[in-house]
file input17.txt (compact mmCIF, C-alpha atoms)
# COMPACT_ATOMS: atom_id res chain seq x y z
CA MET A 1 -0.26 109.08 -18.26
CA ASN A 2 -0.70 105.97 -20.39
CA LEU A 3 -2.58 108.02 -23.00
CA ILE A 4 0.12 110.72 -23.10
CA ALA A 5 2.77 108.02 -23.49
CA GLY A 6 0.74 106.54 -26.36
CA ILE A 7 0.56 109.89 -28.14
CA ALA A 8 4.31 110.41 -27.66
CA LEU A 9 5.07 106.96 -29.08
CA HIS A 10 2.81 107.64 -32.09
CA PHE A 11 4.71 110.91 -32.59
CA THR A 12 8.02 109.02 -32.61
CA GLY A 13 6.73 106.56 -35.18
CA ALA A 14 5.28 109.32 -37.37
CA PHE A 15 8.59 111.20 -37.22
CA ALA A 16 10.48 108.11 -38.42
CA ALA A 17 7.99 107.72 -41.28
CA SER A 18 8.38 111.39 -42.21
CA VAL A 19 12.15 111.13 -42.72
CA CYS A 20 12.41 107.58 -44.05
CA TYR A 21 12.62 108.63 -47.71
CA THR A 22 15.48 111.11 -47.27
CA PRO A 23 18.30 108.53 -47.68
CA GLN A 24 17.05 107.76 -51.19
CA LYS A 25 18.20 111.19 -52.36
CA LYS A 26 21.81 110.22 -51.68
CA THR A 27 21.92 107.05 -53.75
CA LYS A 28 23.71 107.01 -57.10
CA GLY A 29 23.28 104.77 -60.11
CA TRP A 30 20.31 102.77 -58.87
CA SER A 31 16.85 102.70 -60.42
CA TRP A 32 13.75 103.03 -58.26
CA GLN A 33 12.99 99.30 -58.31
CA THR A 34 16.48 98.35 -57.16
CA TYR A 35 16.37 100.66 -54.18
CA TRP A 36 12.73 99.97 -53.35
CA LEU A 37 13.02 96.17 -53.40
CA LEU A 38 16.00 96.22 -51.06
CA GLN A 39 14.51 98.61 -48.52
CA ALA A 40 11.22 96.69 -48.67
CA MET A 41 13.09 93.48 -47.87
CA VAL A 42 14.55 95.14 -44.75
CA CYS A 43 11.31 96.79 -43.65
CA TRP A 44 8.80 94.10 -44.49
CA VAL A 45 10.70 90.85 -44.01
CA VAL A 46 14.01 91.06 -42.15
CA LEU A 47 13.04 93.43 -39.32
CA PRO A 48 9.50 92.14 -38.61
CA VAL A 49 10.79 88.59 -38.23
CA THR A 50 13.92 89.59 -36.28
CA VAL A 51 12.12 91.94 -33.89
CA ALA A 52 9.37 89.39 -33.29
CA PHE A 53 11.97 86.79 -32.28
CA LEU A 54 13.59 89.31 -29.93
CA THR A 55 10.44 90.66 -28.27
CA ILE A 56 7.86 87.85 -28.32
CA PRO A 57 8.50 85.14 -25.69
CA GLN A 58 8.10 81.59 -27.02
CA LEU A 59 7.27 82.84 -30.50
CA TRP A 60 6.87 79.36 -31.96
CA LEU A 61 4.22 78.48 -29.39
CA VAL A 62 2.44 81.78 -30.08
CA LEU A 63 2.33 81.03 -33.80
CA ALA A 64 1.20 77.46 -33.16
CA GLU A 65 -1.75 78.66 -31.07
CA ALA A 66 -2.66 81.71 -33.17
CA PRO A 67 -5.88 81.44 -35.21
CA LEU A 68 -5.20 80.62 -38.84
CA SER A 69 -7.97 83.00 -39.91
CA ALA A 70 -6.22 85.93 -38.21
CA MET A 71 -2.88 85.11 -39.82
CA ARG A 72 -4.47 84.70 -43.23
CA SER A 73 -6.52 87.91 -43.00
CA SER A 74 -3.57 89.98 -41.82
CA PHE A 75 -1.36 88.64 -44.62
CA PHE A 76 -3.82 89.21 -47.49
CA LEU A 77 -4.83 92.66 -46.24
CA GLY A 78 -1.11 93.45 -46.10
CA MET A 79 -0.82 92.41 -49.75
CA LEU A 80 -3.52 94.92 -50.67
CA TYR A 81 -1.69 97.58 -48.66
CA GLY A 82 1.41 96.85 -50.75
CA ILE A 83 -0.58 97.52 -53.93
CA GLY A 84 -1.78 100.79 -52.39
CA GLY A 85 1.79 101.86 -51.67
CA THR A 86 2.79 101.21 -55.27
CA ALA A 87 -0.25 103.14 -56.56
CA PHE A 88 0.77 106.03 -54.29
CA GLY A 89 4.24 106.15 -55.83
CA VAL A 90 2.89 106.07 -59.40
CA ALA A 91 0.22 108.71 -58.66
CA ILE A 92 2.91 111.20 -57.66
CA ARG A 93 4.21 111.16 -61.24
CA TYR A 94 0.78 112.18 -62.55
CA VAL A 95 -0.55 114.78 -60.09
CA GLY A 96 2.42 115.64 -57.88
CA PHE A 97 3.37 114.77 -54.32
CA SER A 98 1.12 117.26 -52.53
CA LEU A 99 -2.16 116.35 -54.21
CA THR A 100 -1.38 112.65 -53.96
CA TYR A 101 -0.62 113.02 -50.27
CA ALA A 102 -3.78 115.04 -49.57
CA ILE A 103 -6.18 112.64 -51.30
CA SER A 104 -4.53 109.32 -50.46
CA VAL A 105 -3.62 110.03 -46.84
CA GLY A 106 -6.94 111.82 -46.26
CA ILE A 107 -8.91 108.77 -47.44
CA SER A 108 -6.62 106.42 -45.54
CA CYS A 109 -6.96 108.48 -42.35
CA VAL A 110 -10.77 108.38 -42.31
CA LEU A 111 -11.37 104.93 -43.78
CA GLY A 112 -8.57 103.18 -41.91
CA THR A 113 -9.78 104.59 -38.59
CA LEU A 114 -13.48 103.83 -38.98
CA LEU A 115 -13.18 100.36 -40.56
CA PRO A 116 -12.46 98.43 -37.32
CA PRO A 117 -15.47 99.70 -35.31
CA LEU A 118 -17.65 99.52 -38.44
CA TYR A 119 -16.60 95.90 -39.03
CA GLU A 120 -17.36 95.04 -35.41
CA GLY A 121 -20.74 96.75 -35.63
CA ARG A 122 -19.98 99.14 -32.79
CA LEU A 123 -19.54 102.41 -34.66
CA ALA A 124 -22.89 103.68 -33.32
CA SER A 125 -21.90 102.88 -29.73
CA VAL A 126 -18.59 104.69 -30.28
CA LEU A 127 -20.44 107.78 -31.46
CA ASN A 128 -22.73 107.65 -28.46
CA GLY A 129 -20.01 106.82 -25.94
CA SER A 130 -18.11 109.23 -23.76
CA GLY A 131 -15.78 111.20 -26.00
CA GLY A 132 -17.11 109.54 -29.16
CA ASN A 133 -18.30 112.79 -30.72
CA MET A 134 -14.90 114.36 -30.01
CA ILE A 135 -13.19 111.42 -31.74
CA ILE A 136 -15.29 111.75 -34.89
CA THR A 137 -14.86 115.54 -34.85
CA GLY A 138 -11.09 115.14 -34.52
CA ILE A 139 -10.97 112.71 -37.45
CA ALA A 140 -13.00 115.14 -39.61
CA VAL A 141 -10.77 118.07 -38.59
CA GLY A 142 -7.69 115.96 -39.34
CA ALA A 143 -8.99 115.10 -42.81
CA ALA A 144 -9.64 118.80 -43.43
CA GLY A 145 -6.12 119.64 -42.28
CA ILE A 146 -4.61 117.03 -44.59
CA ALA A 147 -6.66 118.47 -47.47
CA LEU A 148 -5.41 121.96 -46.62
CA CYS A 149 -1.84 120.69 -46.62
CA GLY A 150 -2.44 119.23 -50.06
CA PHE A 151 -3.92 122.52 -51.24
CA ALA A 152 -0.91 124.41 -49.89
CA GLY A 153 1.41 121.95 -51.61
CA ARG A 154 -0.40 122.41 -54.90
CA LEU A 155 -0.10 126.18 -54.53
CA LYS A 156 3.63 125.75 -53.92
CA GLU A 157 3.96 123.66 -57.07
CA LYS A 158 2.12 126.32 -59.08
CA ASP A 159 4.36 129.04 -57.62
CA TYR A 160 7.45 127.16 -58.76
CA GLU A 161 5.96 126.22 -62.13
CA SER A 162 5.14 129.84 -62.92
CA ARG A 163 8.64 130.91 -61.96
CA HIS A 164 10.52 128.21 -63.85
CA ARG A 165 7.94 127.70 -66.62
CA LYS A 166 7.96 124.01 -65.96
CA LYS A 167 6.15 121.86 -68.53
CA ASP A 168 3.13 120.11 -67.07
CA ASN A 169 3.11 116.41 -67.89
CA HIS A 170 0.35 115.55 -65.45
CA SER A 171 -2.58 113.36 -66.37
CA PHE A 172 -5.17 114.48 -63.87
CA SER A 173 -7.84 111.81 -64.37
CA VAL A 174 -5.40 108.90 -64.17
CA GLY A 175 -3.61 110.46 -61.20
CA ILE A 176 -6.81 111.05 -59.23
CA GLY A 177 -7.91 107.47 -59.84
CA LEU A 178 -4.58 106.19 -58.53
CA CYS A 179 -4.81 108.51 -55.50
CA ILE A 180 -8.21 107.11 -54.57
CA LEU A 181 -6.98 103.55 -55.08
CA ALA A 182 -3.91 104.25 -52.95
CA GLY A 183 -6.00 105.81 -50.19
CA VAL A 184 -8.49 102.95 -50.00
CA LEU A 185 -5.88 100.17 -50.11
CA SER A 186 -3.47 101.95 -47.75
CA ALA A 187 -6.28 102.19 -45.20
CA LEU A 188 -6.35 98.41 -45.15
CA TYR A 189 -3.01 98.28 -43.32
CA GLY A 190 -4.63 99.53 -40.13
CA PHE A 191 -7.42 97.01 -40.71
CA SER A 192 -4.78 94.32 -41.25
CA LEU A 193 -3.38 95.04 -37.78
CA PHE A 194 -6.89 94.97 -36.35
CA ARG A 195 -7.64 91.58 -37.93
CA GLY A 196 -4.32 90.28 -36.60
CA GLN A 197 -5.08 91.28 -33.01
CA PRO A 198 -6.00 87.69 -31.96
CA ILE A 199 -2.39 86.75 -32.72
CA ALA A 200 -1.20 89.58 -30.48
CA ASP A 201 -3.58 88.42 -27.75
CA ILE A 202 -1.87 85.02 -27.75
CA ALA A 203 1.51 86.77 -27.55
CA ALA A 204 0.29 88.79 -24.57
CA LYS A 205 -0.69 85.56 -22.85
CA TYR A 206 2.93 84.43 -23.13
CA GLY A 207 4.21 87.68 -21.61
CA ALA A 208 4.85 89.94 -24.63
CA GLY A 209 3.21 92.91 -22.90
CA ASN A 210 3.25 96.10 -24.96
CA PHE A 211 5.40 94.37 -27.59
CA GLN A 212 2.56 92.02 -28.48
CA GLY A 213 1.77 93.86 -31.74
CA ASN A 214 5.18 92.94 -33.18
CA VAL A 215 3.96 89.45 -33.95
CA ILE A 216 1.28 90.79 -36.32
CA TYR A 217 3.93 92.44 -38.52
CA ILE A 218 5.23 89.01 -39.48
CA PHE A 219 2.04 88.62 -41.52
CA SER A 220 0.90 92.14 -42.47
CA ASN A 221 4.37 93.32 -43.54
CA THR A 222 5.35 90.19 -45.44
CA GLY A 223 2.03 90.41 -47.26
CA ALA A 224 2.92 93.93 -48.35
CA PHE A 225 6.35 92.70 -49.45
CA VAL A 226 4.89 90.06 -51.77
CA THR A 227 2.97 92.53 -53.95
CA THR A 228 5.81 95.06 -53.85
CA ALA A 229 8.36 92.42 -54.83
CA LEU A 230 6.20 91.28 -57.74
CA TYR A 231 6.03 94.81 -59.14
CA CYS A 232 9.75 95.48 -58.63
CA THR A 233 10.61 92.14 -60.25
CA TYR A 234 8.45 93.04 -63.24
CA LEU A 235 10.30 96.36 -63.59
CA HIS A 236 13.69 94.64 -63.26
CA PHE A 237 12.93 92.27 -66.13
CA LYS A 238 11.34 94.99 -68.25
CA ARG A 239 14.21 97.46 -67.84
CA LYS A 240 17.01 94.92 -67.42
CA THR A 241 18.28 96.40 -64.14
CA TRP A 242 19.14 93.26 -62.15
CA ASN A 243 22.87 93.98 -62.54
CA GLU A 244 22.56 97.15 -60.44
CA TYR A 245 22.82 95.04 -57.28
CA LYS A 246 26.41 94.14 -58.12
CA ALA A 247 27.59 96.82 -60.57
CA PRO A 248 29.98 99.50 -59.27
CA VAL A 249 28.56 102.98 -58.86
CA ALA A 250 30.37 106.09 -60.07
CA GLU A 251 29.63 109.70 -59.17
CA ASN A 252 29.61 112.61 -61.60
CA ASP A 253 32.93 113.93 -60.31
CA GLY A 254 34.61 110.70 -61.36
CA LYS A 255 35.27 109.37 -57.86
CA ALA A 256 34.16 105.78 -57.33
CA ARG A 257 31.44 105.34 -54.82
CA TRP A 258 31.32 101.88 -53.30
CA LEU A 259 28.20 99.88 -53.82
CA TRP A 260 27.87 99.21 -50.11
CA MET A 261 26.84 102.84 -49.56
CA ASN A 262 23.70 102.35 -51.63
CA TYR A 263 22.97 99.19 -49.69
CA ALA A 264 23.44 101.07 -46.40
CA LEU A 265 21.13 103.88 -47.49
CA ALA A 266 18.43 101.45 -48.64
CA ALA A 267 18.74 99.56 -45.35
CA LEU A 268 18.45 102.85 -43.44
CA THR A 269 15.20 103.62 -45.26
CA GLY A 270 13.88 100.19 -44.34
CA ILE A 271 14.90 100.65 -40.70
CA LEU A 272 13.21 104.05 -40.47
CA TRP A 273 10.09 102.78 -42.18
CA TYR A 274 9.87 99.80 -39.83
CA THR A 275 10.49 102.08 -36.84
CA GLN A 276 7.14 103.74 -37.47
CA PHE A 277 5.40 100.36 -37.15
CA PHE A 278 7.36 99.46 -34.02
CA PHE A 279 6.36 102.64 -32.21
CA TYR A 280 2.85 102.50 -33.68
CA GLY A 281 2.34 99.17 -31.92
CA LEU A 282 3.71 100.50 -28.62
CA GLY A 283 1.48 103.57 -28.84
CA HIS A 284 -1.58 101.62 -29.93
CA ASN A 285 -1.53 99.46 -26.80
CA ARG A 286 -1.70 102.59 -24.63
CA MET A 287 -4.67 104.29 -26.29
CA GLY A 288 -7.32 102.85 -23.99
CA ALA A 289 -10.94 102.30 -25.04
CA TYR A 290 -10.56 103.98 -28.44
CA LYS A 291 -7.52 102.13 -29.76
CA PHE A 292 -8.90 102.35 -33.29
CA THR A 293 -7.99 106.07 -33.31
CA SER A 294 -4.30 105.11 -33.50
CA TRP A 295 -4.46 105.09 -37.31
CA ALA A 296 -5.93 108.61 -37.48
CA ILE A 297 -3.36 109.97 -35.04
CA HIS A 298 -0.54 108.34 -36.98
CA MET A 299 -1.72 109.69 -40.34
CA ILE A 300 -2.35 113.22 -39.03
CA MET A 301 1.01 113.37 -37.26
CA LEU A 302 2.74 112.01 -40.35
CA VAL A 303 1.43 114.87 -42.49
CA LEU A 304 2.04 117.43 -39.73
CA ILE A 305 5.66 116.42 -39.12
CA SER A 306 6.36 116.11 -42.86
CA ALA A 307 5.16 119.69 -43.34
CA PHE A 308 7.36 120.96 -40.50
CA ILE A 309 10.36 119.10 -41.90
CA GLY A 310 9.68 120.68 -45.29
CA ILE A 311 9.75 124.12 -43.67
CA VAL A 312 13.03 123.37 -41.86
CA MET A 313 14.56 122.06 -45.09
CA LYS A 314 13.45 125.30 -46.81
CA GLU A 315 11.27 123.47 -49.32
CA TRP A 316 8.75 126.31 -49.01
CA ALA A 317 11.26 129.10 -49.56
CA GLY A 318 10.20 131.69 -52.13
CA VAL A 319 6.50 130.82 -52.26
CA LYS A 320 3.83 133.52 -52.28
CA LYS A 321 2.44 134.89 -49.02
CA TYR A 322 -0.96 133.35 -49.71
CA THR A 323 0.63 129.90 -49.98
CA THR A 324 2.43 130.42 -46.68
CA ARG A 325 -0.80 131.47 -44.97
CA VAL A 326 -2.62 128.37 -46.24
CA LEU A 327 0.23 126.17 -44.96
CA MET A 328 0.16 127.81 -41.52
CA LEU A 329 -3.60 127.36 -41.35
CA ALA A 330 -3.22 123.68 -42.31
CA LEU A 331 -0.65 123.12 -39.57
CA MET A 332 -2.89 124.72 -36.95
CA VAL A 333 -5.83 122.59 -38.07
CA LEU A 334 -3.70 119.42 -37.86
CA ILE A 335 -2.48 120.30 -34.36
CA ALA A 336 -6.08 120.96 -33.33
CA ALA A 337 -7.10 117.56 -34.72
CA VAL A 338 -4.50 115.74 -32.63
CA LEU A 339 -5.61 117.61 -29.50
CA ILE A 340 -9.29 116.89 -30.15
CA ILE A 341 -8.71 113.16 -30.71
CA THR A 342 -6.49 113.00 -27.63
CA TYR A 343 -9.18 114.67 -25.55
CA GLY A 344 -11.78 112.27 -26.93
CA ASN A 345 -9.59 109.35 -25.88
CA TYR A 346 -9.19 110.92 -22.44
CA LEU A 347 -12.97 111.17 -22.05
CA GLY A 348 -13.36 107.60 -23.22
CA GLY A 349 -10.99 106.41 -20.52
CA ASN A 350 -13.00 108.03 -17.73
call {"tool": "encode", "arguments": {"input": "input17.txt", "output": "structure tokens"}}
result
Amino acid sequence: MNLIAGIALHFTGAFAASVCYTPQKKTKGWSWQTYWLLQAMVCWVVLPVTVAFLTIPQLWLVLAEAPLSAMRSSFFLGMLYGIGGTAFGVAIRYVGFSLTYAISVGISCVLGTLLPPLYEGRLASVLNGSGGNMIITGIAVGAAGIALCGFAGRLKEKDYESRHRKKDNHSFSVGIGLCILAGVLSALYGFSLFRGQPIADIAAKYGAGNFQGNVIYIFSNTGAFVTTALYCTYLHFKRKTWNEYKAPVAENDGKARWLWMNYALAALTGILWYTQFFFYGLGHNRMGAYKFTSWAIHMIMLVLISAFIGIVMKEWAGVKKYTTRVLMLALMVLIAAVLIITYGNYLGGN
């Protein structure tokens, strides 16, 4: 039952991550860096610190006892994750969302899952352990499913481009390089949480229970905020957009739209984005002997749920039948991957 609860909690977190960008579509008059810096502040600073205070008993004592090496590693790996997130956003402009998602998330899924046991030198024992082969098979199937989703997305883009004769401004070589960079650095977030586990162990000693992982986010998330804030600050100075935080916003129909709405939407994005981490931590602590598979399950479910949401929102309406078939195949492969990894975890717990 603990394993099933863990999978359900990972699903909840992945769902929050899948919808966290939707509020951005409703903002008016703000540049990307204005919106992104504000939501990052909520997600990577305000909520991690607030939730840690609310859920970690005697937080100051936990931090006083926590190993400095764990705090430092988690923070700096989080900084690299922040660079990966920025590279992901820039790559979309070069090769499109679908291809960026397929390459970056695919690399992150495999690398982020295998790094912890590889670092500990127990990857071979995992492969030889009960359910180990199922775990590795599930990760490989998940990576294939993510690639198929990317292929389906690229087919969708081509379908729309041929219909609307859209000019292609993509720079493939630059985009692919950014995708690879984003995938490698994004994988380090899962490794950041792994390296911060000694801090969580101290929190568990003080009675944090399944909330113990919340203390790690103080370091991994703030690390990600530092690199994100530096890039957004650079864009603010370059494009002279600092005044957007206080300037009134007007809609096209002439009706004034109060600035607080943009703030609320940015905060909502930050809340949803942090929610994925909150439930990730709760699910991770219930995954048994193969906790390192949490990252793979999260990534696979993220792509799977995003695809389903796209279907519900009719983002795939009007595509060719071949594109639809590829998408359906990708979804079935992703579902199979989750089931295989879950079964591998079940075997590992027996």
call {"tool": "closest_atom_pairs", "arguments": {"input": "input17.txt", "of": "stretch 278-319 of chain A", "to": "stretch 204-219 of chain A", "cutoff": "12 Å", "atoms": "all atoms listed in the file", "output": "JSON lines"}}
result
{"residue": "A:Phe278", "atom": "CA", "partner": "A:Asn214", "partner_atom": "CA", "distance": 6.9}
{"residue": "A:Phe279", "atom": "CA", "partner": "A:Phe211", "partner_atom": "CA", "distance": 9.5}
{"residue": "A:Tyr280", "atom": "CA", "partner": "A:Gly213", "partner_atom": "CA", "distance": 8.9}
{"residue": "A:Gly281", "atom": "CA", "partner": "A:Gly213", "partner_atom": "CA", "distance": 5.3}
{"residue": "A:Leu282", "atom": "CA", "partner": "A:Asn210", "partner_atom": "CA", "distance": 5.7}
{"residue": "A:Gly283", "atom": "CA", "partner": "A:Asn210", "partner_atom": "CA", "distance": 8.6}
{"residue": "A:His284", "atom": "CA", "partner": "A:Gly213", "partner_atom": "CA", "distance": 8.6}
{"residue": "A:Asn285", "atom": "CA", "partner": "A:Asn210", "partner_atom": "CA", "distance": 6.1}
{"residue": "A:Arg286", "atom": "CA", "partner": "A:Asn210", "partner_atom": "CA", "distance": 8.2}
{"residue": "A:Met287", "atom": "CA", "partner": "A:Asn210", "partner_atom": "CA", "distance": 11.5}
call {"tool": "residues_near_point", "arguments": {"input": "input17.txt", "point": "(12.5, 107.2, -45.1)", "cutoff": "12 Å", "atoms": "all atoms listed in the file", "output": "compact mmCIF listing (two decimals) with C-alpha atoms, in the coordinates of the input"}}
result
# COMPACT_ATOMS: atom_id res chain seq x y z
CA GLY A 13 6.73 106.56 -35.18
CA ALA A 14 5.28 109.32 -37.37
CA PHE A 15 8.59 111.20 -37.22
CA ALA A 16 10.48 108.11 -38.42
CA ALA A 17 7.99 107.72 -41.28
CA SER A 18 8.38 111.39 -42.21
CA VAL A 19 12.15 111.13 -42.72
CA CYS A 20 12.41 107.58 -44.05
CA TYR A 21 12.62 108.63 -47.71
CA THR A 22 15.48 111.11 -47.27
CA PRO A 23 18.30 108.53 -47.68
CA GLN A 24 17.05 107.76 -51.19
CA LYS A 25 18.20 111.19 -52.36
CA LYS A 26 21.81 110.22 -51.68
CA TYR A 35 16.37 100.66 -54.18
CA TRP A 36 12.73 99.97 -53.35
CA GLN A 39 14.51 98.61 -48.52
CA ALA A 40 11.22 96.69 -48.67
CA CYS A 43 11.31 96.79 -43.65
CA LEU A 265 21.13 103.88 -47.49
CA ALA A 266 18.43 101.45 -48.64
CA ALA A 267 18.74 99.56 -45.35
CA LEU A 268 18.45 102.85 -43.44
CA THR A 269 15.20 103.62 -45.26
CA GLY A 270 13.88 100.19 -44.34
CA ILE A 271 14.90 100.65 -40.70
CA LEU A 272 13.21 104.05 -40.47
CA TRP A 273 10.09 102.78 -42.18
CA TYR A 274 9.87 99.80 -39.83
CA THR A 275 10.49 102.08 -36.84
CA GLN A 276 7.14 103.74 -37.47
CA LEU A 302 2.74 112.01 -40.35
CA SER A 306 6.36 116.11 -42.86
call {"tool": "atom_distance", "arguments": {"input": "input17.txt", "atom1": "atom CA of A:Leu329", "atom2": "atom CA of A:Ala144"}}
result
10.7 Å
call {"tool": "closest_residue", "arguments": {"input": "input17.txt", "among": "A:Val95, A:Met299, A:Met313, A:Ala264", "to": "A:Ser108", "atoms": "only C-alpha atoms"}}
result
A:Met299
call {"tool": "axis_aligned_box", "arguments": {"input": "input17.txt", "around": "stretch 33-46 of chain A", "padding_each_side": "3 Å", "output": "AutoDock Vina command-line options"}}
result
--center_x 12.6 --center_y 95.8 --center_z -50.2 --size_x 13.7 --size_y 15.8 --size_z 22.2
call {"tool": "closest_residue", "arguments": {"input": "input17.txt", "among": "A:Trp60, A:Trp295, A:Phe11, A:Trp44", "to": "A:Ser220", "atoms": "all atoms listed in the file"}}
result
A:Trp44
call {"tool": "residues_around", "arguments": {"input": "input17.txt", "residues": "A:Ala289", "least_positions_apart": "3", "cutoff": "12 Å", "atoms": "all atoms listed in the file", "output": "count of residues only"}}
result
24
call {"tool": "closest_atom_pairs", "arguments": {"input": "input17.txt", "of": "stretch 141-243 of chain A", "to": "stretch 118-123 of chain A", "cutoff": "12 Å", "atoms": "only C-alpha atoms", "output": "tab-separated table"}}
result
residue	atom	partner	partner_atom	distance
A:Phe191	CA	A:Tyr119	CA	9.4
A:Phe194	CA	A:Tyr119	CA	10.1
A:Arg195	CA	A:Tyr119	CA	10.0
call {"tool": "residues_around", "arguments": {"input": "input17.txt", "residues": "A:Ile340", "least_positions_apart": "6", "cutoff": "9 Å", "atoms": "all atoms listed in the file", "output": "PDB file with C-alpha atoms, keeping the file's coordinate frame"}}
result
ATOM      1  CA  MET A 134     -14.900 114.360 -30.010  1.00  0.00           C
ATOM      2  CA  ILE A 135     -13.190 111.420 -31.740  1.00  0.00           C
ATOM      3  CA  THR A 137     -14.860 115.540 -34.850  1.00  0.00           C
ATOM      4  CA  GLY A 138     -11.090 115.140 -34.520  1.00  0.00           C
ATOM      5  CA  ILE A 139     -10.970 112.710 -37.450  1.00  0.00           C
ATOM      6  CA  VAL A 141     -10.770 118.070 -38.590  1.00  0.00           C
TER       7      VAL A 141
END
call {"tool": "atom_distance", "arguments": {"input": "input17.txt", "atom1": "atom CA of A:Ile180", "atom2": "atom CA of A:Gly106"}}
result
9.6 Å
call {"tool": "residues_around", "arguments": {"input": "input17.txt", "residues": "A:Gly196", "least_positions_apart": "4", "cutoff": "8 Å", "atoms": "all atoms listed in the file", "output": "number ranges by chain"}}
result
A: 70-71, 73-74, 192, 200, 216
call {"tool": "closest_atom_pairs", "arguments": {"input": "input17.txt", "of": "stretch 50-80 of chain A", "to": "stretch 228-235 of chain A", "cutoff": "12 Å", "atoms": "all atoms listed in the file", "output": "tab-separated table"}}
result
residue	atom	partner	partner_atom	distance
A:Gly78	CA	A:Thr228	CA	10.5
A:Met79	CA	A:Thr228	CA	8.2
A:Leu80	CA	A:Thr228	CA	9.9
call {"tool": "atom_distance", "arguments": {"input": "input17.txt", "atom1": "atom CA of A:Gly89", "atom2": "atom CA of A:Gly29"}}
result
19.6 Å
call {"tool": "residues_around", "arguments": {"input": "input17.txt", "residues": "A:Ala224", "least_positions_apart": "2", "cutoff": "6 Å", "atoms": "only C-alpha atoms", "output": "PyMOL selection string"}}
result
chain A and resi 78-79+81-82+221-222+226-227
call {"tool": "closest_residue", "arguments": {"input": "input17.txt", "among": "A:Ile311, A:Tyr263, A:Leu339, A:Val333", "to": "A:Thr27", "atoms": "only C-alpha atoms"}}
result
A:Tyr263
call {"tool": "closest_residue", "arguments": {"input": "input17.txt", "among": "A:Ile4, A:Met328, A:Val312, A:Leu259", "to": "A:Lys28", "atoms": "all atoms listed in the file"}}
result
A:Leu259
call {"tool": "residues_around", "arguments": {"input": "input17.txt", "residues": "A:Ala330", "least_positions_apart": "3", "cutoff": "9 Å", "atoms": "all atoms listed in the file", "output": "number ranges by chain"}}
result
A: 144-150, 152, 304, 325-327, 333-335
call {"tool": "write_last_selection", "arguments": {"input": "input17.txt", "atoms": "C-alpha atoms", "output": "mmCIF file, in the coordinates of the input"}}
result
data_model
loop_
_atom_site.group_PDB
_atom_site.id
_atom_site.type_symbol
_atom_site.label_atom_id
_atom_site.label_comp_id
_atom_site.auth_asym_id
_atom_site.auth_seq_id
_atom_site.Cartn_x
_atom_site.Cartn_y
_atom_site.Cartn_z
ATOM 1 C CA ALA A 144 -9.640 118.800 -43.430
ATOM 2 C CA GLY A 145 -6.120 119.640 -42.280
ATOM 3 C CA ILE A 146 -4.610 117.030 -44.590
ATOM 4 C CA ALA A 147 -6.660 118.470 -47.470
ATOM 5 C CA LEU A 148 -5.410 121.960 -46.620
ATOM 6 C CA CYS A 149 -1.840 120.690 -46.620
ATOM 7 C CA GLY A 150 -2.440 119.230 -50.060
ATOM 8 C CA ALA A 152 -0.910 124.410 -49.890
ATOM 9 C CA LEU A 304 2.040 117.430 -39.730
ATOM 10 C CA ARG A 325 -0.800 131.470 -44.970
ATOM 11 C CA VAL A 326 -2.620 128.370 -46.240
ATOM 12 C CA LEU A 327 0.230 126.170 -44.960
ATOM 13 C CA VAL A 333 -5.830 122.590 -38.070
ATOM 14 C CA LEU A 334 -3.700 119.420 -37.860
ATOM 15 C CA ILE A 335 -2.480 120.300 -34.360
#
